[in-house]
Every structure is written in C-alpha cells, then in structure tokens.
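**Q** Input file: input-v1.cif. Contents: mmCIF, C-alpha atoms (C1' of nucleotides).
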data_run
loop_
_atom_site.label_atom_id
_atom_site.label_comp_id
_atom_site.auth_asym_id
_atom_site.auth_seq_id
_atom_site.Cartn_x
_atom_site.Cartn_y
_atom_site.Cartn_z
CA MET A 421 0.00 0.00 0.00
CA THR A 422 2.66 2.49 0.94
CA GLU A 423 5.27 1.50 -1.64
CA LEU A 424 5.37 4.86 -3.35
CA LEU A 425 5.82 6.73 -0.08
CA PHE A 426 8.52 4.27 0.91
CA GLU A 427 10.33 4.85 -2.36
CA LYS A 428 10.22 8.58 -1.81
CA ILE A 429 11.53 8.27 1.72
CA LYS A 430 14.43 6.22 0.39
CA GLU A 431 15.41 9.14 -1.77
CA TYR A 432 16.05 11.22 1.32
CA VAL A 433 17.20 8.97 4.13
CA ARG A 434 18.56 5.52 4.81
CA VAL A 435 15.94 2.96 5.81
CA GLU A 436 15.57 -0.79 6.33
CA ASP A 437 13.21 -2.69 4.06
CA GLY A 438 11.27 -3.72 7.12
CA ASP A 439 10.46 -0.15 7.94
CA ILE A 440 7.67 -0.18 5.43
CA VAL A 441 5.63 -2.15 7.94
CA LEU A 442 5.54 0.91 10.13
CA LEU A 443 4.18 3.03 7.33
CA ASN A 444 1.48 0.51 6.57
CA ALA A 445 0.47 0.56 10.19
CA TYR A 446 0.26 4.31 10.50
CA PHE A 447 -1.12 5.51 7.21
CA LYS A 448 -4.64 5.15 5.98
CA PHE A 449 -5.58 4.83 2.33
CA GLU A 450 -8.38 6.89 0.83
CA LYS A 451 -9.89 7.76 -2.49
CA VAL A 452 -11.21 11.21 -3.24
CA LYS A 453 -13.28 12.43 -6.14
CA LYS A 454 -12.35 15.26 -8.43
CA GLY A 455 -13.61 18.50 -6.93
CA ALA A 456 -13.42 17.30 -3.34
CA PHE A 457 -11.78 19.55 -0.78
CA LEU A 458 -9.27 18.19 1.71
CA ASN A 459 -9.13 21.48 3.48
CA ARG A 460 -10.73 24.90 3.58
CA ASP A 461 -9.67 28.33 4.76
CA GLY A 462 -10.14 28.59 8.50
CA GLU A 463 -10.11 24.88 9.23
CA VAL A 464 -7.33 23.10 11.06
CA ALA A 465 -5.76 20.55 8.74
CA GLN A 466 -6.64 17.18 10.31
CA TYR A 467 -4.31 15.03 8.25
CA ALA A 468 -0.99 15.11 6.54
CA THR A 469 -1.65 13.92 3.02
CA PHE A 470 0.60 12.04 0.64
CA VAL A 471 -0.59 11.84 -2.97
CA GLN A 472 -0.49 8.32 -4.42
CA LYS A 473 -2.31 9.12 -7.58
CA GLY A 474 -4.07 12.13 -9.00
CA LEU A 475 -3.54 15.83 -8.62
CA PHE A 476 -4.30 18.58 -6.10
CA ARG A 477 -4.09 22.32 -5.91
CA THR A 478 -3.49 24.52 -2.88
CA PHE A 479 -4.84 28.04 -3.15
CA ILE A 480 -6.11 31.07 -1.30
CA ILE A 481 -8.86 33.54 -2.12
CA ASP A 482 -7.90 37.16 -1.54
CA GLU A 483 -10.10 40.07 -0.42
CA ARG A 484 -11.11 40.76 -3.99
CA GLY A 485 -12.27 37.22 -4.47
CA THR A 486 -9.40 36.21 -6.71
CA GLU A 487 -7.86 32.77 -6.36
CA HIS A 488 -4.11 32.38 -6.07
CA ILE A 489 -2.62 28.94 -6.47
CA LEU A 490 0.43 28.26 -4.35
CA GLN A 491 1.11 24.71 -5.31
CA PHE A 492 0.15 21.79 -7.44
CA SER A 493 0.71 18.39 -5.83
CA MET A 494 1.20 15.37 -8.02
CA ALA A 495 1.69 11.69 -7.23
CA GLY A 496 4.67 11.21 -4.96
CA TRP A 497 4.33 14.63 -3.35
CA TRP A 498 2.62 15.89 -0.25
CA THR A 499 -0.29 18.25 -0.18
CA GLY A 500 -2.31 20.14 2.36
CA ASP A 501 -1.21 22.78 4.79
CA LEU A 502 1.69 21.28 6.66
CA ALA A 503 2.02 24.30 8.92
CA SER A 504 -1.59 24.05 10.02
CA PHE A 505 -1.35 20.30 10.50
CA ILE A 506 1.68 20.55 12.72
CA SER A 507 0.83 23.68 14.67
CA ARG A 508 -2.89 22.88 15.02
CA LYS A 509 -3.71 26.38 13.91
CA PRO A 510 -6.36 27.24 11.34
CA SER A 511 -5.19 26.94 7.78
CA ARG A 512 -5.31 29.81 5.34
CA PHE A 513 -5.57 27.52 2.34
CA TYR A 514 -8.00 25.54 0.30
CA VAL A 515 -6.85 22.16 -0.97
CA GLU A 516 -8.85 20.68 -3.82
CA ALA A 517 -8.58 17.50 -5.87
CA LEU A 518 -8.27 18.33 -9.56
CA LYS A 519 -8.74 14.68 -10.53
CA ASP A 520 -10.06 11.53 -8.96
CA SER A 521 -7.20 10.78 -6.61
CA GLU A 522 -5.77 8.34 -4.10
CA ILE A 523 -4.08 9.50 -0.94
CA LEU A 524 -2.41 8.32 2.24
CA ILE A 525 -3.44 10.19 5.33
CA ILE A 526 -2.18 10.27 8.87
CA SER A 527 -3.60 12.05 11.90
CA LYS A 528 -1.57 14.27 14.17
CA GLU A 529 -1.53 11.71 16.99
CA SER A 530 -0.28 8.96 14.70
CA TRP A 531 2.18 11.38 13.19
CA ASP A 532 3.67 12.12 16.60
CA SER A 533 3.90 8.43 17.46
CA LEU A 534 5.52 7.66 14.17
CA MET A 535 8.06 10.38 14.76
CA GLU A 536 9.00 8.83 18.08
CA GLU A 537 9.07 5.29 16.84
CA ALA A 538 10.88 5.96 13.59
CA PRO A 539 13.82 8.34 13.66
CA PHE A 540 14.24 7.90 9.92
CA TYR A 541 10.83 9.41 9.44
CA LEU A 542 11.70 12.40 11.55
CA ASP A 543 14.75 12.96 9.46
CA TYR A 544 12.79 12.58 6.27
CA HIS A 545 10.30 15.11 7.46
CA ARG A 546 12.98 17.64 8.27
CA LYS A 547 14.43 17.30 4.81
CA LEU A 548 11.02 17.76 3.29
CA LEU A 549 10.60 20.95 5.26
CA GLU A 550 13.93 22.21 4.03
CA ARG A 551 12.98 21.42 0.48
CA SER A 552 9.66 23.18 0.76
CA LEU A 553 11.41 26.20 2.18
CA ILE A 554 13.85 26.32 -0.70
CA ALA A 555 11.11 25.88 -3.27
CA THR A 556 9.06 28.65 -1.71
CA GLN A 557 12.07 30.96 -1.53
CA ASP A 558 12.67 30.29 -5.21
CA ARG A 559 9.14 31.24 -6.07
CA LEU A 560 9.43 34.40 -4.04
CA LEU A 561 12.63 35.40 -5.77
CA GLU A 562 11.07 34.66 -9.11
CA SER A 563 8.08 36.83 -8.35
CA TYR A 564 10.46 39.69 -7.63
CA SER A 565 12.80 39.66 -10.51
CA VAL A 566 11.29 37.89 -13.48
CA ASP A 567 8.72 39.00 -16.05
CA ALA A 568 5.66 37.04 -17.06
CA MET A 569 7.22 35.42 -20.13
CA LYS A 570 10.22 34.13 -18.23
CA LYS A 571 8.05 32.74 -15.48
CA TYR A 572 6.13 30.72 -18.02
CA LEU A 573 9.28 29.50 -19.74
CA LYS A 574 10.66 28.40 -16.40
CA LEU A 575 7.50 26.49 -15.67
CA LEU A 576 7.80 24.78 -19.05
CA LYS A 577 11.15 23.46 -17.92
CA THR A 578 10.42 22.61 -14.33
CA LEU A 579 6.87 21.24 -14.48
CA PRO A 580 6.02 20.45 -18.11
CA ASP A 581 3.64 17.65 -17.07
CA ILE A 582 1.37 20.05 -15.23
CA LEU A 583 0.52 21.93 -18.39
CA GLN A 584 -1.25 18.96 -19.91
CA GLN A 585 -3.28 18.35 -16.82
CA VAL A 586 -4.82 21.57 -15.64
CA PRO A 587 -6.75 24.35 -17.35
CA GLN A 588 -4.74 27.33 -18.43
CA TYR A 589 -6.36 29.74 -16.09
CA MET A 590 -5.00 27.77 -13.17
CA ILE A 591 -1.52 27.93 -14.63
CA ALA A 592 -1.94 31.67 -14.87
CA SER A 593 -3.07 31.81 -11.26
CA TYR A 594 -0.07 29.74 -10.20
CA LEU A 595 2.27 32.06 -12.08
CA GLY A 596 0.67 35.14 -10.60
CA MET A 597 -0.65 36.62 -13.82
CA SER A 598 -4.05 37.02 -15.47
CA ARG A 599 -5.37 34.37 -17.82
CA GLU A 600 -5.30 36.88 -20.65
CA THR A 601 -1.64 37.60 -20.14
CA LEU A 602 -0.79 33.92 -20.23
CA SER A 603 -2.82 33.48 -23.36
CA ARG A 604 -0.91 36.25 -25.09
CA ILE A 605 2.42 34.84 -24.02
CA ARG A 606 1.54 31.50 -25.49
CA ARG A 607 0.47 33.06 -28.75
CA GLN A 608 3.73 34.89 -28.98
CA LEU A 609 5.75 31.75 -28.32
CA ALA A 610 3.74 29.86 -30.90
CA LYS A 611 4.46 32.56 -33.44
CA GLU A 612 8.18 32.52 -32.74
CA ASN A 613 8.36 28.78 -33.11
CA LYS A 614 6.44 28.56 -36.38
CA GLY A 615 8.32 26.53 -38.97
CA GLN A 616 10.19 24.47 -36.44
CA TYR A 617 8.05 21.41 -37.04
CA MET B 1083 27.16 33.85 26.52
CA THR B 1084 24.24 32.08 24.95
CA GLU B 1085 21.50 33.46 27.17
CA LEU B 1086 19.57 35.08 24.35
CA LEU B 1087 19.60 31.93 22.26
CA PHE B 1088 18.51 29.95 25.28
CA GLU B 1089 15.63 32.33 25.87
CA LYS B 1090 14.54 31.93 22.29
CA ILE B 1091 14.70 28.16 22.46
CA LYS B 1092 12.51 28.26 25.54
CA GLU B 1093 9.83 29.97 23.51
CA TYR B 1094 9.56 26.92 21.29
CA VAL B 1095 10.37 23.84 23.32
CA ARG B 1096 10.70 22.63 26.88
CA VAL B 1097 14.24 22.60 28.22
CA GLU B 1098 16.13 22.19 31.50
CA ASP B 1099 18.09 25.11 32.84
CA GLY B 1100 21.22 22.98 32.64
CA ASP B 1101 20.86 22.61 28.91
CA ILE B 1102 22.43 25.98 28.42
CA VAL B 1103 25.79 24.38 29.16
CA LEU B 1104 25.48 22.44 25.93
CA LEU B 1105 24.90 25.59 23.94
CA ASN B 1106 27.92 27.26 25.50
CA ALA B 1107 30.01 24.28 24.55
CA TYR B 1108 28.90 24.15 20.94
CA PHE B 1109 28.52 27.75 19.86
CA LYS B 1110 31.27 30.18 19.22
CA PHE B 1111 30.97 33.91 19.78
CA GLU B 1112 32.12 36.40 17.16
CA LYS B 1113 31.96 40.07 16.38
CA VAL B 1114 31.57 41.33 12.85
CA LYS B 1115 31.91 44.82 11.49
CA LYS B 1116 29.27 46.66 9.54
CA GLY B 1117 29.67 45.83 5.88
CA ALA B 1118 31.17 42.39 6.47
CA PHE B 1119 29.79 39.45 4.52
CA LEU B 1120 28.97 36.19 6.24
CA ASN B 1121 28.23 34.57 2.96
CA ARG B 1122 28.36 35.16 -0.77
CA ASP B 1123 26.57 33.77 -3.80
CA GLY B 1124 28.17 30.48 -4.81
CA GLU B 1125 29.77 29.70 -1.46
CA VAL B 1126 28.65 26.93 0.84
CA ALA B 1127 27.45 28.41 4.10
CA GLN B 1128 29.98 27.22 6.68
CA TYR B 1129 28.07 28.21 9.77
CA ALA B 1130 24.60 28.55 11.10
CA THR B 1131 24.42 32.02 12.56
CA PHE B 1132 22.37 33.34 15.44
CA VAL B 1133 22.26 37.11 15.81
CA GLN B 1134 22.99 38.33 19.34
CA LYS B 1135 23.18 41.96 18.49
CA GLY B 1136 23.08 44.02 15.33
CA LEU B 1137 21.39 43.55 12.00
CA PHE B 1138 21.89 41.57 8.79
CA ARG B 1139 20.37 41.41 5.35
CA THR B 1140 20.07 38.42 3.04
CA PHE B 1141 19.84 39.26 -0.65
CA ILE B 1142 20.45 38.10 -4.19
CA ILE B 1143 21.61 39.95 -7.27
CA ASP B 1144 19.62 39.14 -10.38
CA GLU B 1145 20.82 38.99 -14.00
CA ARG B 1146 20.26 42.69 -14.43
CA GLY B 1147 22.40 43.49 -11.44
CA THR B 1148 19.53 44.48 -9.19
CA GLU B 1149 19.60 43.49 -5.53
CA HIS B 1150 16.59 41.82 -3.96
CA ILE B 1151 16.43 41.55 -0.20
CA LEU B 1152 14.78 38.43 1.12
CA GLN B 1153 15.18 38.97 4.79
CA PHE B 1154 16.40 41.24 7.54
CA SER B 1155 17.71 39.44 10.62
CA MET B 1156 17.68 41.21 13.94
CA ALA B 1157 18.90 40.20 17.38
CA GLY B 1158 17.25 36.97 18.46
CA TRP B 1159 16.82 35.70 14.91
CA TRP B 1160 18.89 33.50 12.68
CA THR B 1161 20.54 34.58 9.52
CA GLY B 1162 22.46 33.03 6.67
CA ASP B 1163 21.35 30.43 4.17
CA LEU B 1164 20.05 27.57 6.25
CA ALA B 1165 19.40 25.43 3.20
CA SER B 1166 22.98 25.74 2.04
CA PHE B 1167 24.33 25.12 5.52
CA ILE B 1168 22.39 21.93 5.94
CA SER B 1169 22.60 20.51 2.44
CA ARG B 1170 26.23 21.56 1.88
CA LYS B 1171 25.25 23.01 -1.47
CA PRO B 1172 26.36 26.41 -2.74
CA SER B 1173 24.26 29.25 -1.49
CA ARG B 1174 22.48 31.64 -3.80
CA PHE B 1175 22.52 34.45 -1.29
CA TYR B 1176 24.66 37.18 0.07
CA VAL B 1177 24.50 37.86 3.80
CA GLU B 1178 25.81 41.21 4.95
CA ALA B 1179 26.07 42.95 8.32
CA LEU B 1180 24.21 46.25 8.25
CA LYS B 1181 25.66 47.25 11.64
CA ASP B 1182 28.51 46.21 13.87
CA SER B 1183 27.12 42.95 15.16
CA GLU B 1184 27.64 40.03 17.49
CA ILE B 1185 26.83 36.50 16.50
CA LEU B 1186 26.91 32.91 17.65
CA ILE B 1187 28.13 30.47 15.04
CA ILE B 1188 28.24 26.71 14.84
CA SER B 1189 29.83 24.48 12.22
CA LYS B 1190 28.02 21.66 10.48
CA GLU B 1191 29.90 18.98 12.42
CA SER B 1192 29.06 20.58 15.75
CA TRP B 1193 25.53 21.10 14.57
CA ASP B 1194 25.11 17.40 13.85
CA SER B 1195 26.57 16.43 17.21
CA LEU B 1196 24.35 18.87 19.01
CA MET B 1197 21.34 17.44 17.22
CA GLU B 1198 22.24 13.98 18.46
CA GLU B 1199 23.08 15.01 21.94
CA ALA B 1200 20.16 17.37 22.47
CA PRO B 1201 16.76 16.26 21.25
CA PHE B 1202 15.29 19.56 22.39
CA TYR B 1203 17.52 21.30 19.91
CA LEU B 1204 16.36 19.11 17.09
CA ASP B 1205 12.82 19.90 17.93
CA TYR B 1206 13.56 23.58 18.14
CA HIS B 1207 15.18 23.47 14.75
CA ARG B 1208 12.20 21.79 13.18
CA LYS B 1209 9.91 24.44 14.55
CA LEU B 1210 12.15 27.13 13.21
CA LEU B 1211 11.98 25.54 9.79
CA GLU B 1212 8.23 25.47 9.95
CA ARG B 1213 8.15 29.09 10.93
CA SER B 1214 10.45 30.11 8.13
CA LEU B 1215 8.29 28.22 5.68
CA ILE B 1216 5.17 29.97 6.86
CA ALA B 1217 6.84 33.37 6.74
CA THR B 1218 8.09 32.76 3.23
CA GLN B 1219 4.69 31.54 2.08
CA ASP B 1220 3.19 34.70 3.49
CA ARG B 1221 5.59 36.85 1.57
CA LEU B 1222 4.84 34.91 -1.60
CA LEU B 1223 1.11 35.36 -1.18
CA GLU B 1224 1.61 39.01 -0.48
CA SER B 1225 3.63 39.49 -3.64
CA TYR B 1226 0.74 37.99 -5.57
CA SER B 1227 -2.23 39.79 -4.31
CA VAL B 1228 -1.27 43.04 -2.69
CA ASP B 1229 -0.35 46.42 -4.15
CA ALA B 1230 2.67 48.49 -3.20
CA MET B 1231 0.89 50.68 -0.68
CA LYS B 1232 -0.57 47.76 1.23
CA LYS B 1233 2.76 45.98 1.34
CA TYR B 1234 4.29 49.01 2.98
CA LEU B 1235 1.46 49.40 5.44
CA LYS B 1236 1.80 45.76 6.41
CA LEU B 1237 5.50 46.22 6.98
CA LEU B 1238 4.73 49.18 9.20
CA LYS B 1239 2.72 46.86 11.37
CA THR B 1240 4.89 43.77 11.34
CA LEU B 1241 8.41 45.21 11.44
CA PRO B 1242 8.19 48.85 12.47
CA ASP B 1243 11.63 48.71 14.09
CA ILE B 1244 13.33 47.93 10.82
CA LEU B 1245 12.29 51.23 9.29
CA GLN B 1246 14.41 53.22 11.70
CA GLN B 1247 17.45 51.14 11.08
CA VAL B 1248 17.99 50.70 7.39
CA PRO B 1249 18.02 53.08 4.43
CA GLN B 1250 14.82 53.39 2.53
CA TYR B 1251 16.10 51.88 -0.65
CA MET B 1252 16.65 48.61 1.19
CA ILE B 1253 13.10 48.67 2.44
CA ALA B 1254 12.00 49.14 -1.14
CA SER B 1255 14.13 46.22 -2.24
CA TYR B 1256 12.68 44.07 0.52
CA LEU B 1257 9.16 44.99 -0.55
CA GLY B 1258 9.89 44.31 -4.20
CA MET B 1259 9.38 47.83 -5.47
CA SER B 1260 11.59 50.66 -6.69
CA ARG B 1261 12.93 53.25 -4.28
CA GLU B 1262 10.99 55.94 -6.12
CA THR B 1263 7.73 54.11 -5.65
CA LEU B 1264 8.33 53.75 -1.94
CA SER B 1265 9.19 57.41 -1.69
CA ARG B 1266 5.92 58.38 -3.36
CA ILE B 1267 3.94 56.09 -1.12
CA ARG B 1268 5.44 57.69 1.94
CA ARG B 1269 4.67 61.14 0.66
CA GLN B 1270 1.09 60.18 0.10
CA LEU B 1271 0.75 58.72 3.57
CA ALA B 1272 2.29 61.83 5.09
CA LYS B 1273 -0.19 63.99 3.23
CA GLU B 1274 -3.16 61.94 4.37
CA ASN B 1275 -2.05 62.12 7.97
CA LYS B 1276 -1.45 65.84 8.06
CA GLY B 1277 -3.22 67.48 10.97
CA GLN B 1278 -3.26 64.39 13.10
CA TYR B 1279 -0.53 65.69 15.39
"C1'" DC C 980 32.60 74.76 0.96
"C1'" DG C 981 31.97 70.92 -1.60
"C1'" DC C 982 31.33 66.09 -1.74
"C1'" DG C 983 28.49 61.93 -1.58
"C1'" DG C 984 24.95 58.94 -0.15
"C1'" DG C 985 20.32 58.90 0.19
"C1'" DT C 986 15.81 60.78 -0.96
"C1'" DT C 987 12.49 63.29 -3.63
"C1'" DT C 988 10.16 64.85 -7.76
"C1'" DG C 989 8.64 64.96 -12.50
"C1'" DA C 990 8.12 63.05 -17.12
"C1'" DT C 991 7.71 59.14 -19.84
"C1'" DG C 992 6.92 54.48 -20.99
"C1'" DA C 993 6.38 49.42 -20.39
"C1'" DT C 994 4.06 45.80 -18.54
"C1'" DG C 995 0.29 43.51 -17.47
"C1'" DC C 996 -4.69 44.10 -15.67
"C1'" DT C 997 -9.63 44.84 -16.57
"C1'" DC C 998 -13.55 44.78 -19.26
"C1'" DA C 999 -16.01 43.23 -23.07
"C1'" DA C 1000 -16.78 40.53 -26.91
"C1'" DG C 1001 -16.14 36.65 -29.80
"C1'" DC C 1002 -14.59 32.02 -30.63
"C1'" DC C 1003 -13.83 27.09 -30.17
"C1'" DC C 1004 -15.26 22.65 -28.97
"C1'" DG C 1005 -17.25 18.89 -26.54
"C1'" DG C 1006 -21.59 17.52 -24.47
"C1'" DT C 1007 -26.65 17.36 -24.27
"C1'" DG C 1008 -31.26 17.27 -25.47
"C1'" DG C 1009 -34.77 17.96 -28.94
"C1'" DC D 621 -28.20 14.86 -36.62
"C1'" DC D 622 -28.06 19.31 -35.45
"C1'" DA D 623 -28.81 23.36 -32.53
"C1'" DC D 624 -27.51 25.18 -28.55
"C1'" DC D 625 -25.25 25.63 -24.38
"C1'" DG D 626 -21.27 26.49 -21.34
"C1'" DG D 627 -16.58 26.39 -19.97
"C1'" DG D 628 -12.41 27.74 -21.31
"C1'" DC D 629 -9.47 30.24 -24.43
"C1'" DT D 630 -8.43 34.26 -27.37
"C1'" DT D 631 -8.38 38.97 -28.90
"C1'" DG D 632 -8.71 43.93 -28.71
"C1'" DA D 633 -9.03 48.52 -26.45
"C1'" DG D 634 -8.23 51.28 -22.69
"C1'" DC D 635 -6.21 51.94 -18.38
"C1'" DA D 636 -3.66 51.56 -13.82
"C1'" DT D 637 0.36 50.69 -11.66
"C1'" DC D 638 4.81 50.87 -11.25
"C1'" DA D 639 9.69 51.04 -13.34
"C1'" DT D 640 12.98 53.86 -15.47
"C1'" DC D 641 15.55 57.91 -16.41
"C1'" DA D 642 17.12 62.31 -15.22
"C1'" DA D 643 17.56 66.09 -12.35
"C1'" DA D 644 17.32 68.44 -8.12
"C1'" DC D 645 17.59 68.42 -3.36
"C1'" DC D 646 18.96 67.51 1.43
"C1'" DC D 647 22.17 67.01 4.96
"C1'" DG D 648 26.01 65.31 7.58
"C1'" DC D 649 30.94 65.41 7.27
"C1'" DG D 650 35.74 65.98 6.05
#
Have the structure of the file written as structure tokens, please.

**A**
Amino acid sequence: MTELLFEKIKEYVRVEDGDIVLLNAYFKFEKVKKGAFLNRDGEVAQYATFVQKGLFRTFIIDERGTEHILQFSMAGWWTGDLASFISRKPSRFYVEALKDSEILIISKESWDSLMEEAPFYLDYHRKLLERSLIATQDRLLESYSVDAMKKYLKLLKTLPDILQQVPQYMIASYLGMSRETLSRIRRQLAKENKGQY
Amino acid sequence: MTELLFEKIKEYVRVEDGDIVLLNAYFKFEKVKKGAFLNRDGEVAQYATFVQKGLFRTFIIDERGTEHILQFSMAGWWTGDLASFISRKPSRFYVEALKDSEILIISKESWDSLMEEAPFYLDYHRKLLERSLIATQDRLLESYSVDAMKKYLKLLKTLPDILQQVPQYMIASYLGMSRETLSRIRRQLAKENKGQY
DNA sequence: CGCGGGTTTGATGATGCTCAAGCCCGGTGG
DNA sequence: CCACCGGGCTTGAGCATCATCAAACCCGCG
C-alpha cells in the first residue's frame, strides 16, 4: 500500500526494508473524487496527506475574491497545509482535488507516534521541510525579478507535465498573472516557433 | 554567553536550565563589522548564525544586477542560508552585516553532534523551519495579491523597528518595489495624515 | 565649501490588468 | 443529426500601476 511513499523516503534517508511495515500501520488509504476539498480556509488541517495518484491544488482567495494557487501536488508529493497540520492552527488555504485521486493520510496523533518510533521518518520530514522552504524561496525570488514570459518558460522546464493536466487559467493563477496575459504569451511563443516542425 | 539563544529556544520547546551548558560548549561567539559578509553567492554556508546583536540582510543579485532583499535578521533571529548550511550546497545568497554585530556560530559537524546530543535542539530546529516556511509563504502570497501601498502598510505593522534602522532603498528592495515608488507612497501617507498631530 | 549617499520629484513608458466581446469545442437534449 | 449551451481560451481597447531615467535636493561630514 505504501510502496510509493517508501520509495520517496528512500530518496532522502537511509531505511531498512522492514520499515515499510511501520508506514502501513500508520497511514490510511483513501480515495477522493475530483472536486473534493481536503481542506478549507479557516479549518485546522486534520491530516498530513501524501498523494499516491491524481492531482491537487493549494490556493487562497484574496479580499477581492481572486484565487491564487500556491502549489500543485502530483503523485509522490505531499499536499495540504503542513504548517496548520503541525501547529494545530487554522489553515489559510484551500486544498482541492483536480482529478479523482488516491491518498495516504495520517492524523496528528499517529504522526507524533511515528516520529517517536521511527527516527528515519523524523529525518525525512525535516528534509522535506527544508525542500519546501527552498522551493518557496525560489518562487518568491522569481516573483520579484522575473517578467511574465520568463516565469512561463521556467514552468515549461520545471513542471512540463502540469501543463497537460490543468486548465490554463490555473496555470496563470499559479504564475501570478491574469489568464489573458498567459494566453498572449503562449500566442507569442507559438508565433516565434512557427516553422520548427 | 548564549543566554539570548537559550531564551529563544525556551519559547519553542521545553528545556532544562542545565541545557544551556550544551549551547555554551557548541557555539562560538564572534563580532563582525558593519559591511562584512557572512556569505556570498556560490559559497557553501559554513556556519549557522544566530544574531545576538546588530542587523543583517540576506539578498540576491539578479541577471540585471539588481539586488533583492529576502530577509532582515535582527537580534534573536537566525541569519544566513540555512538550506545551504544543511545541504552543503552552494548558497544563492549574500548575507551582509548592516551594523557592527555580534553573532553565535556553529559548524556543520558541531551542529550534527548537538542534534544527536540534544533532542530539544532538534525539535527547536524543526519548529524554526516550519516558521520560516510559513513566513516565506506569506511573503509569496503578499507578492501575488497586494499592491505596493498595502505591502508598505503591512511592513509598518509587522516590522516597524526595521524602518528606523535601514536606508529606505533597502526597504523598497525588501518589498519588491523601486525606491521611487516607496518614496511616493510615503509622501502620500504623510499627506493623508497631516493634521493628526 | 563641496562632496556623496540617500531621498524626492517629474516626465515618460512598459508591462500587465480589466472589461467586453467573440470564438472554439465537446456535451446534451430535442 | 443538429442546434444550442457552457466552460475555457483568445483577442482587442483602454487603463492603472509601477519602473525607469534624469535632475534636483537635502544634509552630515571631512
């Protein structure tokens, strides 16, 4: 059941093959339908969520009612509001399934037990945190110093798979630009590349 | 020597009074002059750095040669590129003292030992990571959805002390706007508040 | 006094947003 | 089978915000 998670953990820390038993004991498998919400603004995130299959988005809605997507979470990644889950404080985010999906969930109590029982998991978690921090810093720097076109080009390199899977207006929201702007950028790129086929 | 750090740790995790001995053993005290760099783009961060006294900035220089400030670090906070320090990968940041300052530093080897010897420290570190992540997420969201004026007003609330201590053009850089824009915003605010004294 | 770093001010222009309309295409019901 | 609907994408026009460039200004200091 938890093979994918186990594989991922192996990428970060050293583990014994037997350790997978622990994961199986602590995590719970669930299916969620496209459109379902794992979390809403103001709620405390009840579970940490590992994506086995499918796709999620994490977003906020600002005072003007506009959505801003912080993150897409694909298979093999985590989703949800980690900060809320750990601190038990209300989340500021919505988390929504963009496809029928399969997830592993774990409650805070189980999480704490697992941390005590399995040092490797604690270590893994710390490294995940570090990685999230770096990724978020990168996005922040990008938002500072890079124009719309370059942001899109960078996304093409770093997350090409996403483009096939979500509507364009969500890409625009993720990149922090209007749907119209993204549309125009794509037109321009298409024009430049004409004749290359 | 490490009283301030110890105080800070107490805010996050439970510790024994005797634990301060450990900190004294592991951390090294240093003074740095205004203008000194703790770290430069491309270097691996050799130390984790706790600020006892003074002020630091963390920034990058983009392809066009423009500086972008990610963070100011005051007394009681950490500075430097944590990600680089932990992962041993080259940093992307510059870290510069904005005043004559006093710091506590610890090497990676000592850091690892301390983590093993002092579980409370490990826990403290994890919570710091979480906090940094939240703070960075906040800044990212802000860069998305908030105009220049509101960013400044928010800074006035969250970090009023900073304003007294650093030149305005650094504030502008931190907020992701030009110095001229910040200047105009301040003029406007001054105008609106006339007569309130 | 003059220098230099920092700030202010004005003029101009680029970038990307908003609003509004039209288009494309797959799905549905008559 | 086709008309129509609706969601998403595109296109254009006008506009707001903010960056850039250039000049002046302010003020502490040698």

**Q** Residues of chain C were defined as contacting chain A if any atom lay at most 9 Å from it, counting only C-alpha atoms (C1' of nucleotides); please report them as a list in words.

**A** DT994, DG995 and DC996 of chain C

**Q** Take the residues just selected and output them with C-alpha atoms (C1' of nucleotides) as a PDB file, in the frame of the given file.

**A**
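Output (out.pdb):
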ATOM      1  C1'  DT C 994       4.060  45.800 -18.540  1.00  0.00           C
ATOM      2  C1'  DG C 995       0.290  43.510 -17.470  1.00  0.00           C
ATOM      3  C1'  DC C 996      -4.690  44.100 -15.670  1.00  0.00           C
TER       4       DC C 996
END

**Q** Written as a ChimeraX atom specification, which residues does the PyMOL selection byres ((chain A) within 10 of (chain B)) give for the file shown?

**A** /A:479-484,486-490,501-504,506-507,512,542-543,545-547,549-566,593-597

**Q** Report as a list of chain:residue names the full result of the PyMOL selection byres ((chain D) within 12 of (chain A)) when it is applied to this structure.

**A** D:DG627, D:DG628, D:DC629, D:DT630, D:DT631, D:DG632

**Q** Residues within 6 Å of (12.1, 64.9, -11.6), file coordinates, counting all atoms listed in the file: what are they? Give the list as number ranges by chain.

**A** C: 988-989; D: 643

**Q** Generate a file of the selected residues that holds C-alpha atoms (C1' of nucleotides), formatted as a PDB file, in the frame of the given file.

**A**
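To be explicit, this is the file written out as out23.pdb:
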ATOM      1  C1'  DT C 988      10.160  64.850  -7.760  1.00  0.00           C
ATOM      2  C1'  DG C 989       8.640  64.960 -12.500  1.00  0.00           C
TER       3       DG C 989
ATOM      4  C1'  DA D 643      17.560  66.090 -12.350  1.00  0.00           C
TER       5       DA D 643
END

**Q** Residues picked by the PyMOL selection byres ((chain D and resi 633) around 12) here, as an mmCIF file with C-alpha atoms (C1' of nucleotides), keeping the file's coordinate frame?

**A**
data_model
loop_
_atom_site.group_PDB
_atom_site.id
_atom_site.type_symbol
_atom_site.label_atom_id
_atom_site.label_comp_id
_atom_site.auth_asym_id
_atom_site.auth_seq_id
_atom_site.Cartn_x
_atom_site.Cartn_y
_atom_site.Cartn_z
ATOM 1 C "C1'" DT C 997 -9.630 44.840 -16.570
ATOM 2 C "C1'" DC C 998 -13.550 44.780 -19.260
ATOM 3 C "C1'" DA C 999 -16.010 43.230 -23.070
ATOM 4 C "C1'" DA C 1000 -16.780 40.530 -26.910
ATOM 5 C "C1'" DT D 631 -8.380 38.970 -28.900
ATOM 6 C "C1'" DG D 632 -8.710 43.930 -28.710
ATOM 7 C "C1'" DG D 634 -8.230 51.280 -22.690
ATOM 8 C "C1'" DC D 635 -6.210 51.940 -18.380
#

**Q** Between atom CA of B:Lys1110 and atom CA of B:Gln1134, what is the distance, to one decimal in Å?

**A**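 Those two atoms sit 11.6 Å apart.
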
**Q** When you count all atoms listed in the file, which of these residues is closest to A:Leu458: A:Met421, A:Met535, A:Val471, A:Leu573?

**A**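 Among A:Met421, A:Met535, A:Val471, A:Leu573, it is A:Val471 that comes nearest to A:Leu458.
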
**Q** Could you put an axis-aligned box around every listed atom of stretch 482-493 of chain A, padded by 5 Å on each side, and send me its centre and edge lengths in Å to one decimal, as AutoDock Vina command-line options?

**A**
--center_x -5.6 --center_y 29.6 --center_z -3.9 --size_x 23.4 --size_y 32.4 --size_z 17.0

**Q** To one decimal place, how far is atom C1' of D:DC649 from atom CA of B:Ala1254 in Å?

**A**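 Atom CA of B:Ala1254 lies at a distance of 26.3 Å from atom C1' of D:DC649.
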
**Q** Kindly give the distance, in Å, that separates atom CA of B:Ala1179 and atom CA of B:Val1248, rounded to a single decimal.

**A**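 Going from atom CA of B:Ala1179 over to atom CA of B:Val1248 covers 11.2 Å.
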
**Q** Counting only C-alpha atoms (C1' of nucleotides), I want the residues whose atoms come within 10 Å of (8.4, 60.5, -14.4) in the file frame, returned as a ChimeraX atom specification.

**A** /B:1262 /C:988-992 /D:639-642
